[in-house]
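**Q** Enclosed is the structure file entry.cif (mmCIF, C-alpha atoms).
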data_final
#
loop_
_atom_site.group_PDB
_atom_site.id
_atom_site.type_symbol
_atom_site.label_atom_id
_atom_site.label_comp_id
_atom_site.auth_asym_id
_atom_site.auth_seq_id
_atom_site.Cartn_x
_atom_site.Cartn_y
_atom_site.Cartn_z
ATOM 1 C CA MET M 885 0.000 0.000 0.000
ATOM 2 C CA LEU M 886 1.122 3.518 -0.779
ATOM 3 C CA PRO M 887 -1.389 5.657 1.120
ATOM 4 C CA VAL M 888 0.511 8.961 0.993
ATOM 5 C CA THR M 889 1.271 8.720 -2.729
ATOM 6 C CA ALA M 890 -2.321 7.597 -3.322
ATOM 7 C CA LEU M 891 -3.611 10.714 -1.557
ATOM 8 C CA TYR M 892 -1.616 13.054 -3.807
ATOM 9 C CA ALA M 893 -2.357 10.968 -6.918
ATOM 10 C CA GLY M 894 -6.054 11.395 -6.146
ATOM 11 C CA ILE M 895 -5.752 15.145 -5.641
ATOM 12 C CA LEU M 896 -3.690 15.541 -8.804
ATOM 13 C CA GLY M 897 -6.031 13.244 -10.733
ATOM 14 C CA LEU M 898 -8.977 15.495 -9.934
ATOM 15 C CA TYR M 899 -6.938 18.555 -10.913
ATOM 16 C CA PHE M 900 -6.031 16.847 -14.213
ATOM 17 C CA VAL M 901 -9.718 16.319 -14.963
ATOM 18 C CA TRP M 902 -10.427 19.973 -14.125
ATOM 19 C CA LEU M 903 -7.670 21.110 -16.515
ATOM 20 C CA ALA M 904 -9.115 18.829 -19.218
ATOM 21 C CA THR M 905 -12.564 20.356 -18.785
ATOM 22 C CA ARG M 906 -11.009 23.807 -19.222
ATOM 23 C CA VAL M 907 -9.603 22.656 -22.571
ATOM 24 C CA ILE M 908 -13.002 21.342 -23.627
ATOM 25 C CA LYS M 909 -14.705 24.567 -22.553
ATOM 26 C CA ALA M 910 -12.162 26.716 -24.429
ATOM 27 C CA ARG M 911 -12.574 24.573 -27.555
ATOM 28 C CA ARG M 912 -16.343 25.039 -27.415
ATOM 29 C CA VAL M 913 -16.226 28.767 -26.697
ATOM 30 C CA TYR M 914 -13.711 29.507 -29.472
ATOM 31 C CA ARG M 915 -14.975 26.771 -31.833
ATOM 32 C CA VAL M 916 -11.654 25.007 -32.208
ATOM 33 C CA ALA M 917 -12.310 21.304 -32.747
ATOM 34 C CA LEU M 918 -8.715 20.299 -33.382
ATOM 35 C CA GLY M 919 -5.409 22.040 -32.850
ATOM 36 C CA THR M 920 -4.780 25.259 -31.004
ATOM 37 C CA SER M 921 -5.548 28.023 -33.457
ATOM 38 C CA HIS M 922 -6.865 30.356 -30.732
ATOM 39 C CA ARG M 923 -4.436 31.749 -28.133
ATOM 40 C CA LEU M 924 -6.684 30.931 -25.152
ATOM 41 C CA VAL M 925 -7.207 27.375 -26.383
ATOM 42 C CA GLU M 926 -3.423 27.085 -26.696
ATOM 43 C CA ARG M 927 -3.001 28.257 -23.100
ATOM 44 C CA ALA M 928 -5.531 25.737 -21.786
ATOM 45 C CA VAL M 929 -3.986 22.929 -23.845
ATOM 46 C CA ARG M 930 -0.470 23.727 -22.646
ATOM 47 C CA ALA M 931 -1.510 23.967 -18.986
ATOM 48 C CA HIS M 932 -3.106 20.539 -19.319
ATOM 49 C CA GLY M 933 -0.247 19.116 -21.395
ATOM 50 C CA ASN M 934 2.486 20.393 -19.108
ATOM 51 C CA PHE M 935 0.676 18.829 -16.164
ATOM 52 C CA ALA M 936 0.501 15.512 -18.041
ATOM 53 C CA GLU M 937 4.218 15.719 -18.848
ATOM 54 C CA TYR M 938 5.457 16.181 -15.279
ATOM 55 C CA VAL M 939 2.978 14.660 -12.821
ATOM 56 C CA PRO M 940 3.262 10.952 -13.744
ATOM 57 C CA PHE M 941 7.047 10.904 -13.289
ATOM 58 C CA ALA M 942 6.777 12.916 -10.074
ATOM 59 C CA LEU M 943 4.247 10.446 -8.685
ATOM 60 C CA LEU M 944 6.471 7.544 -9.715
ATOM 61 C CA LEU M 945 9.396 9.042 -7.796
ATOM 62 C CA MET M 946 7.124 9.668 -4.832
ATOM 63 C CA ALA M 947 5.801 6.088 -4.873
ATOM 64 C CA LEU M 948 9.321 4.687 -5.049
ATOM 65 C CA CYS M 949 10.336 6.876 -2.123
ATOM 66 C CA GLU M 950 7.347 5.663 -0.139
ATOM 67 C CA VAL M 951 7.973 1.997 -0.888
ATOM 68 C CA ASN M 952 11.628 2.429 0.077
ATOM 69 C CA GLY M 953 10.800 3.906 3.461
ATOM 70 C CA LEU M 954 10.877 7.687 3.166
ATOM 71 C CA PRO M 955 9.019 9.001 6.237
ATOM 72 C CA ASP M 956 5.411 10.069 5.777
ATOM 73 C CA TRP M 957 6.169 13.679 6.764
ATOM 74 C CA ALA M 958 8.731 13.930 3.942
ATOM 75 C CA LEU M 959 6.305 12.394 1.467
ATOM 76 C CA HIS M 960 3.666 14.949 2.473
ATOM 77 C CA VAL M 961 6.180 17.746 1.902
ATOM 78 C CA LEU M 962 6.950 16.351 -1.573
ATOM 79 C CA GLY M 963 3.249 15.972 -2.375
ATOM 80 C CA THR M 964 2.331 19.425 -1.140
ATOM 81 C CA VAL M 965 5.161 21.041 -3.099
ATOM 82 C CA LEU M 966 4.102 19.154 -6.225
ATOM 83 C CA VAL M 967 0.426 20.124 -5.918
ATOM 84 C CA ALA M 968 1.351 23.764 -5.244
ATOM 85 C CA GLY M 969 3.797 23.822 -8.141
ATOM 86 C CA ARG M 970 1.337 22.383 -10.608
ATOM 87 C CA ALA M 971 -1.480 24.700 -9.479
ATOM 88 C CA LEU M 972 0.719 27.802 -9.673
ATOM 89 C CA HIS M 973 2.057 26.845 -13.096
ATOM 90 C CA ALA M 974 -1.404 26.181 -14.506
ATOM 91 C CA THR M 975 -2.711 29.451 -13.067
ATOM 92 C CA GLY M 976 0.188 31.418 -14.496
ATOM 93 C CA ILE M 977 0.093 29.922 -17.973
ATOM 94 C CA ALA M 978 -3.688 30.107 -18.316
ATOM 95 C CA GLN M 979 -3.940 33.850 -17.705
ATOM 96 C CA GLU M 980 -3.810 36.480 -20.370
ATOM 97 C CA PRO M 981 -1.817 38.514 -19.993
ATOM 98 C CA GLU M 982 0.308 35.735 -18.568
ATOM 99 C CA ASN M 983 1.498 36.041 -15.002
ATOM 100 C CA PHE M 984 4.995 34.818 -15.676
ATOM 101 C CA ARG M 985 5.934 34.882 -11.966
ATOM 102 C CA TRP M 986 3.322 32.241 -11.118
ATOM 103 C CA ARG M 987 4.435 30.110 -14.050
ATOM 104 C CA VAL M 988 8.110 30.296 -13.069
ATOM 105 C CA LEU M 989 7.357 29.675 -9.394
ATOM 106 C CA GLY M 990 5.206 26.688 -10.341
ATOM 107 C CA MET M 991 7.960 25.153 -12.450
ATOM 108 C CA SER M 992 10.541 25.913 -9.756
ATOM 109 C CA LEU M 993 8.465 24.066 -7.163
ATOM 110 C CA THR M 994 7.908 21.158 -9.552
ATOM 111 C CA PHE M 995 11.635 20.892 -10.334
ATOM 112 C CA THR M 996 12.449 21.161 -6.630
ATOM 113 C CA MET M 997 10.090 18.293 -5.856
ATOM 114 C CA LEU M 998 11.557 16.167 -8.650
ATOM 115 C CA GLY M 999 15.135 16.875 -7.589
ATOM 116 C CA VAL M 1000 14.537 16.282 -3.879
ATOM 117 C CA ALA M 1001 12.560 13.093 -4.556
ATOM 118 C CA ALA M 1002 15.280 11.788 -6.879
ATOM 119 C CA ALA M 1003 18.005 12.613 -4.353
ATOM 120 C CA ALA M 1004 16.026 10.996 -1.529
ATOM 121 C CA LEU M 1005 15.502 7.910 -3.644
ATOM 122 C CA LEU M 1006 19.224 7.697 -4.401
ATOM 123 C CA GLY M 1007 19.948 8.009 -0.684
ATOM 124 C CA LEU M 1008 17.426 5.337 0.198
ATOM 125 C CA ALA M 1009 18.796 3.006 -2.472
ATOM 126 C CA ALA M 1010 22.399 3.609 -1.417
ATOM 127 C CA ALA M 1011 21.511 2.809 2.208
ATOM 128 C CA THR M 1012 20.346 -0.672 1.193
ATOM 129 C CA LEU M 1013 23.354 -1.561 -0.956
#
When written as C-alpha cells, how does the structure in this file appear?

**A**
Amino acid sequence: MLPVTALYAGILGLYFVWLATRVIKARRVYRVALGTSHRLVERAVRAHGNFAEYVPFALLLMALCEVNGLPDWALHVLGTVLVAGRALHATGIAQEPENFRWRVLGMSLTFTMLGVAAAALLGLAAATL
C-alpha cells in the first residue's frame, strides 16, 4: 500500500480532470475542434499538457520513495510542493496577460520536488546496498 502517494495521486487526478474540462470549454467557446488556433485554447492545452508531462514521473518518484521507506512527513512535503507547483504553473500559464511569476514559481516548485525526490531515492537506495 502507498497511502501517501495515493492521496496526492487522487488530488492531482482530480486537478487533471479539471484542466481537461477547461480545454473542452475553451474549444467550445472559441470553436476550435482540433489544434490550437486560438491563443486561449493554446493556453488551456499547454496547462493541461504540461501537467501531463510532469505529474506521472513525479508520482512515480514519490511512490518509489514511499515503498523504500521515506518518512510520511517527507512524502507529504513532496506531495504538497508538487500540488502547489502544478497549481501555480497552470494558473500562471492560463492567464492572459500571462502572469509569468506564477508560471516560473510553479515550475521551480515542480523541479524542486523532482530533484529532492530523486536525491532521496538515491539516498534510500544507497543505504540498502

**Q** Which residue, M:Met885, M:Leu1006, M:Ala978, M:Val965, has the smallest gap to Ser992 (chain M) when you use all atoms listed in the file?

**A**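 When distances to Ser992 (chain M) are compared using all atoms listed in the file, the smallest one comes from M:Val965.
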
**Q** May I ask which of the residues M:Phe900, M:Phe941, M:Tyr892, M:Trp986 is the closest one to His960 (chain M), counting all atoms listed in the file?

**A** M:Tyr892

**Q** Find the residue from M:Cys949, M:Val961, M:Leu924, M:Val888 that sits nearest to Ala1002 (chain M); use all atoms listed in the file when measuring.

**A**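 Selected residue with least distance to Ala1002 (chain M): M:Cys949.
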
**Q** Starting from the PyMOL selection byres ((chain M and resi 925-927) around 12), expand the selection into actual residues of this file and give them as a ChimeraX atom specification.

**A** /M:903-924,928-934,973-982,987

**Q** Which residues, named as in the file, does the PyMOL selection byres ((chain M and resi 951) around 12) pick out? Answer as a PyMOL selection string.

**A** chain M and resi 885-890+944-950+952-956+959+1005+1008-1009

**Q** In Å, how far is it from CA of Val988 (chain M) to CA of Leu891 (chain M)?

**A**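 Interatomic distance, CA of Val988 (chain M) to CA of Leu891 (chain M): 25.6 Å.
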
**Q** In Å, with one decimal, what is the gap from CA of Leu966 (chain M) to CA of Thr1012 (chain M)?

**A**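 Taking CA of Leu966 (chain M) and CA of Thr1012 (chain M), their separation equals 26.7 Å.
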
**Q** Restricting the calculation to only C-alpha atoms, which member of M:Glu937, M:Asn983, M:Gly1007, M:Ala968 is positioned closest to Ile895 (chain M)?

**A**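 The shortest atom-to-atom distance to Ile895 (chain M) comes from M:Ala968.
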
**Q** Just to confirm, what's the straight-line distance from CA of Ala1010 (chain M) to CA of Thr964 (chain M) in Å (one decimal)?

**A**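 Here the two named atoms are 25.6 Å from each other.
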
**Q** Edge lengths and centre in Å to one decimal, as lines of an AutoDock Vina configuration file, of the axis-aligned box that encloses all listed atoms of region 928-935 of chain M with 5 Å added on every side?

**A**
center_x = -1.5
center_y = 22.3
center_z = -20.0
size_x = 18.0
size_y = 16.9
size_z = 17.7

**Q** Between M:Ala958, M:Leu898, M:Ala936, M:Leu972, which is the closest to Arg985 (chain M) once you count only C-alpha atoms?

**A**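 Ranked by minimum distance to Arg985 (chain M), first place goes to M:Leu972.
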